[in-house]
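Peer 1: What follows is a single structure, and I will ask about it in a moment.
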Amino acid sequence: MTDTVYGVIAEFDDPNALVAATYRSHDEGYRRMDAYSPFPIEELHEALGAPVTKLPLLVLVGGIVGCLGGYALQYWAHAVDYPLIVGGKPFNAWPMFVPVTFECTILGAAVSAVLGMLALNGLPMPYHPVFNVPRFALASRNRFFLCIEATDPRFDLDATQRFLETLGPREVTTVER
Amino acid sequence: MAAPPDGIATMSTSSSGPAGVGGSVPIIAPGHTFATVSDAISSIVLTKRTPWPWFVAFALALSVTGLLLVALAYLVFEGIGIWGNNQPVGWAFDITNFVWWIGIGHAGTLISAILLLFRQTWRTSINRFAEAMTLFAVTCAGLFPLLHTGRPWLAYWLVPYPNTMGIQPQFKSPLVWDVFAVSTYLLVSALFWFVGLIPDLATLRDRATSRFGRVAYGMLAMGWRGSARHWHRYEIAYLLLAGLSTPLVVSVHSIVSLDFAVSVVPGWRATLFPPYFVAGAVYSGFAMVLTLLIPIRRAYGLTDFITMRHLDNMAKIMLATGLIVAYGYLVEAFTAWYSQNMYETFMMWNRMTGPYWWSYVLLILCNVVTPQALWFRKVRSSPVVLFAIAIVVNIGMWLERFVIVVTSLHRDFLPSSWGRFSPTIWDFATYIGSLGLFLLLLLLFLRFLPMISIFEMRTLLPAAKTVPAAHEREGSM
């Protein structure tokens, strides 16, 4: 039976109800769950007990790679591959290489911030079971959802559904896979 | 769509608006909910009935873009001899236009990145639009140096790549720095803009009624579903992008100014240039944002979201940056006199009284004298007057670049090599054509993408503030 069920989803009217419900579910022992909201709510992430993301580290690495790469590019071009005297400056004229190195640093960091965010979020993901719930379309407008997933060890279709009903939702629905 | 009365935005008090700096006018009109904000902004895009003024503007923009295409085709066919620039004025309209467009773009990044870092929440209703403006302005800017190379189809020679000629770009030249700065700026601006759009594209996907709309917005939204774990990374990525864009925007116009400052031409060789150019860029950019937003907020009935408070704040930034620019003019003149360098002194004297004296006088009138009106609250609270001042500043900032480029070049060290520049019809056609392209891209953006960040507007509503005491967990932690 649980093969066709992704989880149980509860719909809430306002952000406070969702945050409170998420804390309650976490207290109840549920871990494999996710909260959905039409705008970022900082507390939700904490309420879910989710780990802090490694994204900043990724951005730092991207920036460092961009920085070294940018400098290496210019060094290689002017001191190794095609040595050219310009204005009597040395081949490796580092002050003249600062602007391009800087731009490459920003480029490396910015690209890794965007691609890193998408990759860690698992996007693009054209299909996801929560989209099977017709009312979930409101998650991008004015409704707040909490979904407890069937993979959670404590998940039991009836019990979880009853538990979510106690949290004061508008509606509780089963999410088909 | 029906336009709500302007009075809502201008008359209401701050009682329900989020607290902010000074102002008695809220940044979002009272009475809005998550649903009304989402619907009001997305319905502009999702409507089946495009307002007729849009078609009029689109037809105009399309025909002016046609002019650009004609000018470009002739340019490619005939060469840059069709323009008025020639020795000694090798840079003229093209570089003037390039710097002008790039400068306009900078306001978008300033609004979206720097004001975000300073927690200026009022930026929320204008940042999406300003970022789009950045993107299109940088696109227009990029055209000019590309065309000025003379053989734009060989522009890839500017990029370092292993080639059969066995040569490399000259990395000690500011012109190559420019290639890296401008292309990085374009790419990072596009990424920043797109990342900001993702949650709103999801809103459009969920609210679109046509199949095409659902599929198109669905593909662009990449399956965004508003998961709290996703929002967490999203917010960090957005903040980091803002932090990265802030030094980037300063570096871009500084590098553009180095194109001039690294040379030995009197009037260009000034250590003042980088900060002076950056301030000028922000100044002209805010002027352009005002020029565009004042008619658009009226036409689309967005006075609830883009209130007088926004116009007032932008006018104040314009005044502040205008004063920095005025200080720049003053220091330029002072340095020329104080240096007691014959060429520097002559350059300044020639700039003020030479053949192009009118451009300098107009520049001072447009950029220094006119914006002083912004000191008065009455002026700042009249959209029509603000619009007029913004247009004047746009013209003034174009003249500033014209003055810097042309008056410095046309008479430098050797009187025997002095000359004059007069633009041809193709100079004007290319410039006006680039305005058409800009307008065309902007109109397509207004029609197909939400011009105000919907999800960020939701966070401004009082209902979005989560109360920490709302859950019992707080006490036990």
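Lettering and numbering for the structure tokens are positional, with chains as A, B, ... in the shown order, residues counted from 1 in each chain, and ligands counted from 1 in the shown order.
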Hey, which bits of chain A sit within 7 Å of chain B, and for each residue what's the closest pair of atoms and how far apart in Å (one decimal), counting only C-alpha atoms, rows by chain and increasing number, as CSV?
Peer 2:
```
residue,atom,partner,partner_atom,distance
A:Pro15,CA,B:Thr466,CA,6.4
A:Asn16,CA,B:Thr466,CA,5.4
A:Ala20,CA,B:His471,CA,4.8
A:Tyr23,CA,B:Arg473,CA,6.8
A:Asp34,CA,B:Ser227,CA,6.4
A:Ala35,CA,B:Ala228,CA,5.3
A:Tyr36,CA,B:Ser227,CA,4.4
A:Ser37,CA,B:Gly226,CA,5.3
A:Pro38,CA,B:Gly226,CA,6.0
A:Phe39,CA,B:Phe455,CA,5.3
A:Pro40,CA,B:Trp231,CA,5.4
A:Leu44,CA,B:Ala228,CA,6.1
A:His45,CA,B:Ala228,CA,5.7
A:Thr53,CA,B:Arg233,CA,6.4
A:Leu55,CA,B:Arg233,CA,7.0
A:Gln74,CA,B:Phe171,CA,6.6
A:Ala77,CA,B:Gln168,CA,6.1
A:Tyr82,CA,B:Ile167,CA,6.2
A:Met96,CA,B:Lys172,CA,5.4
A:Phe97,CA,B:Phe171,CA,6.9
A:Pro99,CA,B:Trp177,CA,6.3
A:Val100,CA,B:Trp177,CA,5.7
A:Glu103,CA,B:Ala181,CA,5.9
A:Ile106,CA,B:Leu244,CA,6.2
A:Leu107,CA,B:Thr184,CA,6.1
A:Ala110,CA,B:Leu241,CA,6.0
A:Ala113,CA,B:Ala237,CA,5.5
A:Val114,CA,B:Ala237,CA,6.6
A:Met117,CA,B:Arg233,CA,6.0
A:Asn121,CA,B:His230,CA,5.6
A:Leu123,CA,B:Met222,CA,6.1
A:Pro124,CA,B:Met222,CA,4.3
A:Met125,CA,B:Gly223,CA,4.9
A:Pro126,CA,B:Gly223,CA,4.8
A:Tyr127,CA,B:Gly223,CA,6.9
A:Ala137,CA,B:Asp206,CA,5.2
A:Ser140,CA,B:Thr203,CA,4.9
A:Arg141,CA,B:Ala35,CA,6.0
A:Asn142,CA,B:Phe34,CA,5.1
```
Peer 1: Show me, as a VMD selection string, the residues that have an atom within 8 Å of Glu165 (chain A) when counting only C-alpha atoms, minus same-chain residues fewer than 6 positions from it.
Peer 2: chain A and resid 10 171 to 172
Peer 1: Might you pull out every residue within 6 Å of region 389-395 of chain B, with only C-alpha atoms counted and same-chain residues fewer than 5 positions away left off, and present them as a PyMOL selection string?
Peer 2: chain B and resi 284+287+291+366-367
Peer 1: I want to know what sits within 12 Å of region 156-159 of chain A, based on only C-alpha atoms, with residues of the same chain fewer than 5 positions away left out; could you give that as a short mmCIF file (atom, residue, chain, number, x, y, z; two decimals) with C-alpha atoms, in the first residue's frame?
Peer 2:
```
data_model
loop_
_atom_site.label_atom_id
_atom_site.label_comp_id
_atom_site.auth_asym_id
_atom_site.auth_seq_id
_atom_site.Cartn_x
_atom_site.Cartn_y
_atom_site.Cartn_z
CA MET A 1 0.00 0.00 0.00
CA THR A 2 2.75 2.44 0.95
CA ASP A 3 4.25 1.83 -2.49
CA THR A 4 1.69 4.16 -4.04
CA VAL A 5 1.67 6.69 -1.21
CA TYR A 6 4.36 9.39 -1.05
CA GLY A 7 3.08 10.87 2.20
CA VAL A 8 0.38 12.86 3.89
CA ILE A 9 0.09 16.59 3.38
CA GLU A 28 6.36 13.77 17.66
CA TYR A 30 8.83 12.68 12.46
CA ILE A 148 5.15 13.90 6.23
CA GLU A 149 6.71 11.37 3.91
CA ALA A 150 5.96 7.64 3.82
CA THR A 151 9.66 6.81 4.11
CA LEU A 164 -1.95 16.05 11.26
CA GLU A 165 -5.70 16.60 11.76
CA THR A 166 -4.98 17.64 15.36
CA VAL A 172 -5.29 16.80 5.11
CA THR A 173 -4.71 14.84 1.90
CA THR A 174 -2.84 11.70 0.93
CA VAL A 175 -0.11 12.33 -1.63
CA GLU A 176 0.01 9.72 -4.38
#
```
Peer 1: Can you work out the spacing between CA of Ala270 (chain B) and CA of Met352 (chain B) in Å, to one decimal?
Peer 2: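 Computing it gives 17.8 Å between the two atoms.
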Peer 1: Determine the nearest neighbour of Thr370 (chain B) from the options B:Thr430, B:Ser408, B:Ala261, B:Leu323, counting only C-alpha atoms.
Peer 2: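 For Thr370 (chain B), the nearest of the candidates is B:Leu323.
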Peer 1: Taking 2 positions as the minimum chain separation for residues in the same chain, which residues sit within 9 Å of region 87-98 of chain B when counting only C-alpha atoms? Answer as number ranges by chain.
Peer 2: B: 83-85, 100-103, 138, 140-145, 147-148, 398-412, 417-421, 423, 427-428, 430-431
Peer 1: Would you save the residues from that selection as a short mmCIF file (atom, residue, chain, number, x, y, z; two decimals), in the first residue's frame, using N, CA and C atoms?
Peer 2:
```
data_model
loop_
_atom_site.label_atom_id
_atom_site.label_comp_id
_atom_site.auth_asym_id
_atom_site.auth_seq_id
_atom_site.Cartn_x
_atom_site.Cartn_y
_atom_site.Cartn_z
N TRP B 83 30.54 56.48 -39.68
CA TRP B 83 30.38 57.31 -38.48
C TRP B 83 31.26 58.55 -38.61
N GLY B 84 31.01 59.51 -37.75
CA GLY B 84 31.78 60.76 -37.82
C GLY B 84 33.16 60.69 -37.19
N ASN B 85 33.45 59.62 -36.42
CA ASN B 85 34.75 59.63 -35.74
C ASN B 85 35.88 59.38 -36.70
N TRP B 100 27.45 55.36 -21.30
CA TRP B 100 26.12 55.79 -20.87
C TRP B 100 25.25 54.58 -20.54
N TRP B 101 25.22 53.60 -21.43
CA TRP B 101 24.39 52.42 -21.21
C TRP B 101 24.86 51.61 -20.02
N ILE B 102 26.17 51.41 -19.93
CA ILE B 102 26.70 50.64 -18.79
C ILE B 102 26.32 51.33 -17.49
N GLY B 103 26.45 52.66 -17.48
CA GLY B 103 26.12 53.42 -16.26
C GLY B 103 24.68 53.22 -15.87
N VAL B 138 22.99 46.68 -20.33
CA VAL B 138 24.32 46.12 -20.59
C VAL B 138 24.37 45.48 -21.97
N CYS B 140 22.72 46.55 -24.59
CA CYS B 140 22.88 47.68 -25.53
C CYS B 140 24.30 48.21 -25.47
N ALA B 141 24.85 48.30 -24.24
CA ALA B 141 26.20 48.82 -24.08
C ALA B 141 27.20 47.96 -24.84
N GLY B 142 27.04 46.65 -24.70
CA GLY B 142 27.99 45.73 -25.31
C GLY B 142 28.07 45.88 -26.82
N LEU B 143 26.97 46.30 -27.43
CA LEU B 143 26.95 46.48 -28.88
C LEU B 143 28.04 47.43 -29.36
N PHE B 144 28.23 48.54 -28.59
CA PHE B 144 29.02 49.64 -29.14
C PHE B 144 30.51 49.34 -29.26
N PRO B 145 31.18 48.88 -28.19
CA PRO B 145 32.60 48.56 -28.40
C PRO B 145 32.78 47.44 -29.41
N LEU B 147 30.95 46.91 -32.10
CA LEU B 147 30.86 47.48 -33.43
C LEU B 147 32.05 48.38 -33.72
N HIS B 148 32.54 49.03 -32.65
CA HIS B 148 33.65 49.95 -32.84
C HIS B 148 34.94 49.23 -33.20
N TRP B 398 24.47 61.70 -20.55
CA TRP B 398 24.99 61.38 -21.89
C TRP B 398 25.99 62.44 -22.30
N LEU B 399 25.62 63.72 -22.02
CA LEU B 399 26.52 64.82 -22.37
C LEU B 399 27.84 64.72 -21.62
N GLU B 400 27.77 64.26 -20.35
CA GLU B 400 29.00 64.15 -19.58
C GLU B 400 30.01 63.27 -20.31
N ARG B 401 29.54 62.12 -20.77
CA ARG B 401 30.44 61.20 -21.47
C ARG B 401 30.89 61.78 -22.79
N PHE B 402 29.99 62.51 -23.45
CA PHE B 402 30.35 63.16 -24.71
C PHE B 402 31.46 64.18 -24.47
N VAL B 403 31.29 64.98 -23.39
CA VAL B 403 32.28 66.00 -23.06
C VAL B 403 33.63 65.34 -22.77
N ILE B 404 33.59 64.28 -21.95
CA ILE B 404 34.85 63.62 -21.58
C ILE B 404 35.53 63.05 -22.82
N VAL B 405 34.75 62.36 -23.66
CA VAL B 405 35.36 61.68 -24.81
C VAL B 405 35.81 62.69 -25.86
N VAL B 406 34.91 63.57 -26.29
CA VAL B 406 35.21 64.39 -27.46
C VAL B 406 36.07 65.61 -27.15
N THR B 407 35.72 66.36 -26.07
CA THR B 407 36.51 67.59 -25.86
C THR B 407 37.93 67.27 -25.46
N SER B 408 38.17 66.11 -24.83
CA SER B 408 39.54 65.78 -24.46
C SER B 408 40.35 65.39 -25.69
N LEU B 409 39.70 64.69 -26.62
CA LEU B 409 40.45 64.16 -27.76
C LEU B 409 40.69 65.20 -28.85
N HIS B 410 39.76 66.11 -29.03
CA HIS B 410 39.83 66.89 -30.27
C HIS B 410 40.97 67.91 -30.27
N ARG B 411 41.40 68.33 -29.06
CA ARG B 411 42.60 69.19 -29.02
C ARG B 411 43.51 68.69 -27.90
N ASP B 412 44.52 67.91 -28.26
CA ASP B 412 45.43 67.48 -27.19
C ASP B 412 46.76 68.21 -27.29
N SER B 417 47.74 68.69 -34.85
CA SER B 417 46.88 67.52 -35.03
C SER B 417 45.50 67.73 -34.41
N TRP B 418 45.14 68.99 -34.19
CA TRP B 418 43.80 69.25 -33.67
C TRP B 418 42.76 68.98 -34.75
N GLY B 419 41.54 68.73 -34.32
CA GLY B 419 40.48 68.49 -35.30
C GLY B 419 39.13 68.69 -34.66
N ARG B 420 38.12 68.39 -35.42
CA ARG B 420 36.74 68.52 -34.92
C ARG B 420 36.00 67.23 -35.18
N PHE B 421 34.98 67.02 -34.38
CA PHE B 421 34.12 65.86 -34.62
C PHE B 421 32.71 66.35 -34.90
N PRO B 423 28.94 64.43 -35.74
CA PRO B 423 28.30 63.14 -35.96
C PRO B 423 27.58 63.09 -37.30
N ASP B 427 25.55 57.88 -36.90
CA ASP B 427 25.82 57.94 -35.47
C ASP B 427 24.50 58.02 -34.71
N PHE B 428 23.65 58.93 -35.18
CA PHE B 428 22.36 59.10 -34.51
C PHE B 428 21.48 57.86 -34.67
N THR B 430 22.34 54.77 -34.99
CA THR B 430 22.78 53.67 -34.14
C THR B 430 22.38 53.93 -32.69
N TYR B 431 22.56 55.19 -32.25
CA TYR B 431 22.22 55.52 -30.86
C TYR B 431 20.72 55.39 -30.63
#
```
Peer 1: Considering only C-alpha atoms, return as a list in words whatever protein or nucleic-acid residues lie within 12 Å of Val61 (chain A), sequence-local ones (same chain, fewer than 2 positions apart) excluded.
Peer 2: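 Listing them by chain and then by number gives Lys54, Leu55, Pro56, Leu57, Leu58, Val59, Gly63, Ile64, Val65, Gly66, Cys67, Leu68, Gly69, Thr105, Ile106, Leu107, Gly108, Ala109, Ala110, Val111, Ser112, Ala113 and Gly116 of chain A.
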Peer 1: Selected residues, C-alpha atoms, written as a CSV table (one decimal), in the first residue's frame, please.
Peer 2:
```
chain,number,residue,atom,x,y,z
A,54,LYS,CA,27.3,23.7,2.8
A,55,LEU,CA,26.6,26.1,0.0
A,56,PRO,CA,28.8,29.0,1.4
A,57,LEU,CA,31.8,26.6,1.4
A,58,LEU,CA,31.0,25.7,-2.3
A,59,VAL,CA,30.9,29.4,-3.2
A,63,GLY,CA,35.8,32.0,-5.8
A,64,ILE,CA,39.2,30.6,-5.1
A,65,VAL,CA,39.2,28.5,-8.2
A,66,GLY,CA,38.2,31.6,-10.3
A,67,CYS,CA,40.8,33.7,-8.7
A,68,LEU,CA,43.7,31.2,-9.2
A,69,GLY,CA,42.4,30.4,-12.7
A,105,THR,CA,36.9,35.5,-8.8
A,106,ILE,CA,33.5,37.0,-8.8
A,107,LEU,CA,32.5,34.9,-11.8
A,108,GLY,CA,33.6,31.7,-10.2
A,109,ALA,CA,31.9,32.4,-7.0
A,110,ALA,CA,28.6,33.6,-8.5
A,111,VAL,CA,28.4,30.7,-10.9
A,112,SER,CA,29.0,28.2,-8.1
A,113,ALA,CA,26.4,30.0,-5.9
A,116,GLY,CA,25.4,24.9,-6.3
```
